[in-house]
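Have a look at coords_18.tsv; it's TSV, C-alpha atoms:
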```
chain	number	residue	atom	x	y	z
G	148	MET	CA	3.85	-40.16	12.83
G	149	LEU	CA	0.84	-38.42	14.35
G	150	ARG	CA	-0.57	-35.20	12.92
G	151	ASP	CA	0.74	-32.94	15.72
G	152	GLU	CA	4.19	-34.51	15.40
G	153	ARG	CA	4.15	-33.86	11.65
G	154	LEU	CA	3.22	-30.23	12.14
G	155	GLN	CA	6.01	-29.72	14.67
G	156	TYR	CA	8.48	-31.42	12.34
G	157	ILE	CA	7.48	-29.13	9.48
G	158	LEU	CA	7.83	-25.99	11.62
G	159	ARG	CA	11.24	-27.07	12.97
G	160	LYS	CA	12.52	-27.82	9.47
G	161	LEU	CA	11.17	-24.50	8.25
G	162	SER	CA	12.90	-22.65	11.07
G	163	ASP	CA	16.22	-24.38	10.32
G	164	HIS	CA	16.18	-24.09	6.51
G	165	GLN	CA	13.80	-21.17	5.80
G	166	ARG	CA	12.04	-23.26	3.14
G	167	VAL	CA	10.44	-26.71	2.94
G	168	SER	CA	9.64	-28.84	-0.10
G	169	SER	CA	6.37	-30.75	-0.25
G	170	VAL	CA	8.05	-33.65	-2.05
G	171	GLU	CA	10.83	-33.91	0.54
G	172	LEU	CA	8.37	-33.71	3.42
G	173	SER	CA	6.27	-36.48	1.91
G	174	GLN	CA	9.36	-38.69	1.60
G	175	GLU	CA	10.79	-37.87	5.02
G	176	LEU	CA	7.50	-38.31	6.87
G	177	LYS	CA	6.38	-41.27	4.74
G	178	VAL	CA	2.94	-39.83	4.05
G	179	SER	CA	1.06	-38.94	0.88
G	180	ASP	CA	1.31	-35.66	-1.02
G	181	ASP	CA	-2.31	-34.95	-0.07
G	182	THR	CA	-1.48	-35.30	3.63
G	183	ILE	CA	1.39	-32.83	3.33
G	184	ARG	CA	-0.83	-30.46	1.37
G	185	ARG	CA	-3.43	-30.54	4.16
G	186	ASP	CA	-0.73	-30.02	6.80
G	187	LEU	CA	0.69	-27.00	4.98
G	188	ASN	CA	-2.80	-25.57	4.45
G	189	GLU	CA	-3.52	-25.92	8.16
G	190	LEU	CA	-0.26	-24.20	9.17
G	191	ALA	CA	-0.81	-21.45	6.60
G	192	ALA	CA	-4.34	-20.81	7.90
G	193	ALA	CA	-2.87	-20.42	11.39
G	194	GLY	CA	-0.40	-17.84	10.07
G	195	LEU	CA	2.62	-20.04	10.85
G	196	LEU	CA	3.94	-20.29	7.29
G	197	LYS	CA	3.31	-19.07	3.77
G	198	LYS	CA	2.61	-21.57	0.99
G	199	VAL	CA	4.63	-21.19	-2.21
G	200	HIS	CA	4.95	-23.32	-5.34
G	201	GLY	CA	6.34	-26.69	-4.30
G	202	GLY	CA	6.35	-26.09	-0.56
G	203	ALA	CA	6.36	-23.30	2.01
G	204	VAL	CA	8.44	-20.46	3.47
G	205	PRO	CA	8.18	-18.76	6.87
G	206	ALA	CA	5.28	-16.40	7.38
G	207	ILE	CA	6.39	-12.79	7.13
G	208	PRO	CA	5.27	-10.90	10.24
G	209	LYS	CA	4.52	-7.22	9.85
G	210	ALA	CA	6.98	-5.03	11.67
G	211	PRO	CA	5.75	-3.63	15.01
G	212	ALA	CA	4.13	-0.21	14.83
G	213	PRO	CA	6.89	2.43	14.88
G	214	LEU	CA	7.55	4.04	18.24
G	215	GLY	CA	8.04	7.75	18.68
G	216	LEU	CA	11.60	9.06	18.65
G	217	ALA	CA	11.89	9.33	22.44
G	218	GLU	CA	10.74	5.73	22.94
G	219	ARG	CA	13.03	4.38	20.21
G	220	ILE	CA	16.14	5.99	21.68
G	221	ASN	CA	15.82	3.96	24.90
G	222	TYR	CA	14.72	0.67	23.33
G	223	ALA	CA	17.28	-2.17	22.88
G	224	GLN	CA	19.99	0.24	24.02
G	225	GLU	CA	22.77	-2.32	24.50
G	226	GLU	CA	22.26	-3.83	21.05
G	227	LYS	CA	22.30	-0.42	19.41
G	228	GLU	CA	25.46	0.62	21.25
G	229	GLU	CA	27.22	-2.55	20.06
G	230	ILE	CA	26.16	-1.83	16.48
G	231	ALA	CA	27.30	1.79	16.79
G	232	ARG	CA	30.78	0.73	17.94
G	233	LYS	CA	31.12	-1.56	14.93
G	234	ALA	CA	29.85	1.06	12.49
G	235	ALA	CA	32.23	3.73	13.79
G	236	ALA	CA	35.13	1.67	12.38
G	237	LEU	CA	33.89	2.40	8.85
G	238	PHE	CA	34.67	6.10	9.04
G	239	LYS	CA	37.99	7.41	7.69
G	240	ASP	CA	39.40	10.88	7.16
G	241	GLY	CA	38.41	12.52	3.89
G	242	GLN	CA	35.24	10.52	3.33
G	243	THR	CA	31.82	11.80	2.32
G	244	VAL	CA	29.01	9.89	4.03
G	245	ILE	CA	25.22	10.04	4.23
G	246	ILE	CA	23.71	9.02	7.57
G	247	ASP	CA	20.03	8.22	7.45
G	248	ASN	CA	17.59	8.77	10.29
G	249	GLY	CA	17.28	6.24	13.11
G	250	SER	CA	17.92	5.76	16.81
G	251	THR	CA	20.85	3.41	16.12
G	252	ASN	CA	22.33	5.94	13.72
G	253	MET	CA	22.12	8.59	16.43
G	254	LEU	CA	24.41	6.43	18.55
G	255	ILE	CA	26.74	6.01	15.57
G	256	ALA	CA	26.98	9.79	15.31
G	257	ARG	CA	27.92	9.94	19.00
G	258	SER	CA	30.50	7.15	18.57
G	259	LEU	CA	32.60	8.72	15.81
G	260	PRO	CA	36.32	9.13	16.56
G	261	PRO	CA	36.93	12.58	18.06
G	262	ASP	CA	39.68	13.35	15.53
G	263	LEU	CA	37.67	12.26	12.45
G	264	LYS	CA	37.81	14.72	9.54
G	265	ALA	CA	34.94	13.84	7.23
G	266	GLN	CA	31.97	15.38	5.45
G	267	ILE	CA	28.61	13.98	6.57
G	268	PHE	CA	25.18	14.64	5.10
G	269	THR	CA	22.01	13.80	7.04
G	270	ASN	CA	18.30	14.53	6.88
G	271	SER	CA	17.88	13.86	10.61
G	272	LEU	CA	17.51	16.92	12.83
G	273	THR	CA	18.79	14.99	15.84
G	274	ILE	CA	21.84	13.55	14.08
G	275	ALA	CA	22.72	16.95	12.63
G	276	GLN	CA	22.58	18.41	16.15
G	277	ILE	CA	24.82	15.64	17.52
G	278	LEU	CA	27.35	16.07	14.71
G	279	SER	CA	27.37	19.85	15.11
G	280	GLU	CA	29.23	19.29	18.40
G	281	HIS	CA	31.98	17.24	16.72
G	282	PRO	CA	35.13	19.39	16.40
G	283	PHE	CA	36.18	18.31	12.88
G	284	VAL	CA	33.21	16.77	11.06
G	285	GLU	CA	31.67	19.02	8.40
G	286	VAL	CA	27.90	18.68	8.84
G	287	ASN	CA	25.50	19.17	5.93
G	288	MET	CA	21.83	19.24	6.87
G	289	LEU	CA	19.57	18.06	4.05
G	290	GLY	CA	16.60	20.41	4.18
G	291	GLY	CA	12.98	19.84	3.27
G	292	LEU	CA	9.58	19.19	4.80
G	293	ILE	CA	9.92	18.07	8.42
G	294	PHE	CA	8.29	14.73	9.15
G	295	LYS	CA	7.64	15.53	12.80
G	296	ARG	CA	7.13	12.02	14.15
G	297	ALA	CA	10.66	11.01	13.15
G	298	GLN	CA	12.26	14.48	13.29
G	299	VAL	CA	13.56	14.03	9.75
G	300	ALA	CA	13.46	16.09	6.54
G	301	VAL	CA	11.76	14.58	3.48
G	302	GLY	CA	10.56	15.81	0.11
G	303	ALA	CA	11.90	17.10	-3.20
G	304	GLY	CA	14.57	19.34	-1.66
G	305	VAL	CA	16.22	16.40	0.10
G	306	MET	CA	15.92	14.20	-2.99
G	307	ASN	CA	17.46	16.82	-5.29
G	308	THR	CA	20.48	17.33	-3.03
G	309	ILE	CA	21.14	13.61	-2.58
G	310	GLU	CA	20.90	13.09	-6.35
G	311	ARG	CA	23.95	15.32	-6.81
G	312	LEU	CA	26.10	13.50	-4.26
G	313	ARG	CA	28.52	10.60	-4.75
G	314	PRO	CA	29.21	9.53	-1.15
G	315	ASP	CA	31.69	6.84	-0.18
G	316	PHE	CA	28.89	5.08	1.67
G	317	CYS	CA	25.51	5.61	3.26
G	318	ILE	CA	24.29	4.17	6.54
G	319	MET	CA	20.60	3.38	6.52
G	320	GLY	CA	18.46	2.88	9.56
G	321	VAL	CA	16.31	-0.21	9.02
G	322	CYS	CA	12.62	-0.46	9.89
G	323	SER	CA	12.30	-4.03	8.57
G	324	ILE	CA	14.61	-6.51	6.85
G	325	HIS	CA	13.70	-9.83	5.27
G	326	HIS	CA	15.97	-12.18	3.32
G	327	GLU	CA	13.46	-12.50	0.47
G	328	ILE	CA	11.84	-9.06	0.42
G	329	GLY	CA	14.78	-6.85	1.34
G	330	LEU	CA	14.51	-3.59	3.30
G	331	THR	CA	11.14	-1.93	3.88
G	332	THR	CA	9.67	0.98	5.82
G	333	PRO	CA	6.12	2.02	6.78
G	334	TYR	CA	6.44	5.54	5.33
G	335	TRP	CA	6.35	6.32	1.60
G	336	GLU	CA	8.21	9.63	1.88
G	337	GLU	CA	11.05	8.06	3.85
G	338	SER	CA	11.28	5.14	1.43
G	339	LEU	CA	11.95	7.54	-1.46
G	340	ILE	CA	14.79	9.22	0.46
G	341	LYS	CA	16.34	5.88	1.38
G	342	GLN	CA	16.06	4.65	-2.22
G	343	LYS	CA	17.91	7.71	-3.47
G	344	MET	CA	20.67	7.18	-0.88
G	345	VAL	CA	21.10	3.61	-2.14
G	346	GLU	CA	21.17	4.78	-5.74
G	347	VAL	CA	23.99	7.34	-5.35
G	348	SER	CA	26.23	5.66	-2.74
G	349	LYS	CA	29.35	3.67	-3.65
G	350	LYS	CA	28.63	1.34	-0.72
G	351	VAL	CA	25.33	0.68	1.05
G	352	VAL	CA	25.42	-0.11	4.77
G	353	ALA	CA	22.39	-1.00	6.90
G	354	THR	CA	22.14	-1.31	10.67
G	355	ALA	CA	19.59	-3.66	12.22
G	356	TRP	CA	19.06	-5.07	15.70
G	357	ARG	CA	17.25	-8.29	16.57
G	358	ASP	CA	13.59	-7.29	16.27
G	359	LYS	CA	14.04	-5.91	12.75
G	360	PHE	CA	14.85	-9.30	11.21
G	361	ASN	CA	12.36	-11.32	9.16
G	362	THR	CA	9.73	-8.61	9.22
G	363	ALA	CA	8.30	-6.55	6.37
G	364	ASP	CA	6.42	-3.31	6.01
G	365	THR	CA	4.48	-1.37	3.39
G	366	CYS	CA	7.10	0.47	1.32
G	367	GLN	CA	10.07	-1.14	-0.42
G	368	VAL	CA	13.49	0.47	0.06
G	369	CYS	CA	15.88	-1.93	-1.68
G	370	ASP	CA	16.50	-5.59	-2.43
G	371	TYR	CA	19.16	-7.53	-0.54
G	372	GLU	CA	21.33	-7.51	-3.72
G	373	GLU	CA	21.79	-3.75	-3.29
G	374	LEU	CA	23.04	-4.12	0.29
G	375	ASP	CA	26.82	-4.35	0.70
G	376	LEU	CA	27.17	-4.55	4.48
G	377	LEU	CA	24.76	-5.39	7.29
G	378	ILE	CA	25.83	-4.42	10.81
G	379	THR	CA	23.98	-6.13	13.64
G	380	SER	CA	24.48	-7.26	17.23
G	381	SER	CA	25.69	-10.46	18.87
G	382	VAL	CA	22.13	-11.04	20.13
G	383	VAL	CA	21.12	-12.02	16.59
G	384	THR	CA	21.69	-15.76	16.19
G	385	PRO	CA	23.92	-17.25	13.47
G	386	GLU	CA	20.88	-19.13	12.17
G	387	GLN	CA	19.04	-15.85	11.58
G	388	LEU	CA	21.94	-14.56	9.50
G	389	VAL	CA	22.46	-17.63	7.29
G	390	PRO	CA	19.96	-16.55	4.58
G	391	TYR	CA	21.67	-13.16	4.27
G	392	ARG	CA	25.17	-14.62	4.08
G	393	ASP	CA	23.96	-17.14	1.52
G	394	LYS	CA	22.83	-14.22	-0.62
G	395	GLY	CA	26.27	-12.60	-0.47
G	396	VAL	CA	25.67	-9.89	2.13
G	397	GLU	CA	28.72	-9.11	4.28
G	398	ILE	CA	27.78	-9.10	7.97
G	399	TRP	CA	29.53	-7.51	10.94
```

What is this file in structure tokens?
Amino acid sequence: MLRDERLQYILRKLSDHQRVSSVELSQELKVSDDTIRRDLNELAAAGLLKKVHGGAVPAIPKAPAPLGLAERINYAQEEKEEIARKAAALFKDGQTVIIDNGSTNMLIARSLPPDLKAQIFTNSLTIAQILSEHPFVEVNMLGGLIFKRAQVAVGAGVMNTIERLRPDFCIMGVCSIHHEIGLTTPYWEESLIKQKMVEVSKKVVATAWRDKFNTADTCQVCDYEELDLLITSSVVTPEQLVPYRDKGVEIW
């Protein structure tokens, strides 16, 4: 097999299985270990994979730079609406829920059943405003320093309030999700709020549309083991979801 054919074979196998073994590649391609090592080095130098002990895993692209709130609301609208419809089915009368910031979560707030009687906490100015128009939902705005770019409250005041809650579940907006790294965000202050939501909630729910998958950002939120339910859209392929299902994450 020629060099270019080997490289394509490695990338296809990596895409299908999310990991390749140097020993297996050497056997399958009938070439030496040194040849496979050079091939993996070449692909790693091109940013197409990441070398690990015994083989390679997919390169982890950095998440795209966050858009402003107005731009995010109109981006991937159909996917977000599908996710919102699924997420609305989680809500039952008598529950206490935390809804994190995010354009998808704004649509969830708009999609709640009109007769829902629940108590909802949020640090999002926009989501609080949406929920204030719901006839029966009790809205609790978590107050603190306003992070203007995202129109969300952060800081010690928000953290202290969340620490005293025991919600039935939280719904986190996802900046980036990766099956090895978990959930990440570009902003330190927001990561602390999200971490506290995960810590106190009986069930952790995350919403993510196609472009969020297999990306990573600066600040860790939680590992995949801490995630109970991932709600996504039908645009996301079954192959993309296999690593998450294999790790025990329920997916809607």

Next on the checklist: List as a list in words the protein and nucleic acid residues near G:Lys394, meaning an atom at most 9 Å away when only C-alpha atoms are counted, but skip any in the same chain fewer than 5 places from it.
Outcome noted: His326, Tyr371, Glu372 and Val389 of chain G

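You will find atom CA of G:Thr332 at 23.5 Å from atom CA of G:Asp393.
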
Item to check | Option closest in space to G:Val321, from G:Lys239, G:Lys227, G:Arg392, G:Lys264 [counting all atoms listed in the file] | outcome: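 Closest to G:Val321 of all the choices is G:Lys227.
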
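Minimum atom-to-atom distances from G:Ser323, G:Gln342, G:Gln155, G:Thr384 to G:Ala363 were compared using all atoms listed in the file, and the lowest value belongs to G:Ser323.
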
Checklist outcome for this item: A straight line from atom CA of G:Cys317 to atom CA of G:Val396 spans 15.5 Å

Checklist entry - Pick the closest to G:Val383 from G:Met319, G:Ile230, G:Leu330, G:Ala236: which is it, counting all atoms listed in the file? => result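 Closest candidate: G:Ile230.
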
Item to check | Atom pair atom CA of G:Lys359 / atom CA of G:Cys322: separation (Å) | outcome: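 That distance, rounded to one decimal, is 6.3 Å.
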
Next on the checklist: Can you tell me which residues surround G:Gln367 at a distance of at most 12 Å, considering all atoms listed in the file, apart from same-chain residues fewer than 2 positions away, and format the answer as a PyMOL selection string?
Outcome noted: chain G and resi 321-325+327-342+363-365+369-371

Keeping only C-alpha atoms, take the residues you just selected and write them out as a PDB file, in the coordinates of the input.
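The resulting selection03.pdb:
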```pdb
ATOM      1  CA  VAL G 321      16.310  -0.210   9.020  1.00  0.00           C
ATOM      2  CA  CYS G 322      12.620  -0.460   9.890  1.00  0.00           C
ATOM      3  CA  SER G 323      12.300  -4.030   8.570  1.00  0.00           C
ATOM      4  CA  ILE G 324      14.610  -6.510   6.850  1.00  0.00           C
ATOM      5  CA  HIS G 325      13.700  -9.830   5.270  1.00  0.00           C
ATOM      6  CA  GLU G 327      13.460 -12.500   0.470  1.00  0.00           C
ATOM      7  CA  ILE G 328      11.840  -9.060   0.420  1.00  0.00           C
ATOM      8  CA  GLY G 329      14.780  -6.850   1.340  1.00  0.00           C
ATOM      9  CA  LEU G 330      14.510  -3.590   3.300  1.00  0.00           C
ATOM     10  CA  THR G 331      11.140  -1.930   3.880  1.00  0.00           C
ATOM     11  CA  THR G 332       9.670   0.980   5.820  1.00  0.00           C
ATOM     12  CA  PRO G 333       6.120   2.020   6.780  1.00  0.00           C
ATOM     13  CA  TYR G 334       6.440   5.540   5.330  1.00  0.00           C
ATOM     14  CA  TRP G 335       6.350   6.320   1.600  1.00  0.00           C
ATOM     15  CA  GLU G 336       8.210   9.630   1.880  1.00  0.00           C
ATOM     16  CA  GLU G 337      11.050   8.060   3.850  1.00  0.00           C
ATOM     17  CA  SER G 338      11.280   5.140   1.430  1.00  0.00           C
ATOM     18  CA  LEU G 339      11.950   7.540  -1.460  1.00  0.00           C
ATOM     19  CA  ILE G 340      14.790   9.220   0.460  1.00  0.00           C
ATOM     20  CA  LYS G 341      16.340   5.880   1.380  1.00  0.00           C
ATOM     21  CA  GLN G 342      16.060   4.650  -2.220  1.00  0.00           C
ATOM     22  CA  ALA G 363       8.300  -6.550   6.370  1.00  0.00           C
ATOM     23  CA  ASP G 364       6.420  -3.310   6.010  1.00  0.00           C
ATOM     24  CA  THR G 365       4.480  -1.370   3.390  1.00  0.00           C
ATOM     25  CA  CYS G 369      15.880  -1.930  -1.680  1.00  0.00           C
ATOM     26  CA  ASP G 370      16.500  -5.590  -2.430  1.00  0.00           C
ATOM     27  CA  TYR G 371      19.160  -7.530  -0.540  1.00  0.00           C
TER      28      TYR G 371
END
```

Checklist entry - Of the candidates G:Ser380, G:Ser169, G:Asn270, G:Ser179, which shows the shortest atom-to-atom distance to G:Met344, using only C-alpha atoms? => result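 Of G:Ser380, G:Ser169, G:Asn270, G:Ser179, the one nearest G:Met344, counting only C-alpha atoms, is G:Asn270.
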
Item to check | G:Ala203 environment, 9 Å, only C-alpha atoms, sequence neighbours closer than 5 positions dropped, as a ChimeraX atom specification | outcome: /G:161,165-169,187,191,196-198

With all atoms of stretch 348-354 of chain G from the file as input, state the centre and edge lengths in Å to one decimal of the axis-aligned box that has 5 Å extra on each side, as JSON.
```
{"center_x": 25.7, "center_y": 2.2, "center_z": 3.5, "size_x": 17.2, "size_y": 17.0, "size_z": 24.3}
```

Checklist entry - Which one of G:Ala256, G:Met306, G:Leu272, G:Val204 sits closest to G:Ile293 if you count all atoms listed in the file? => result G:Leu272
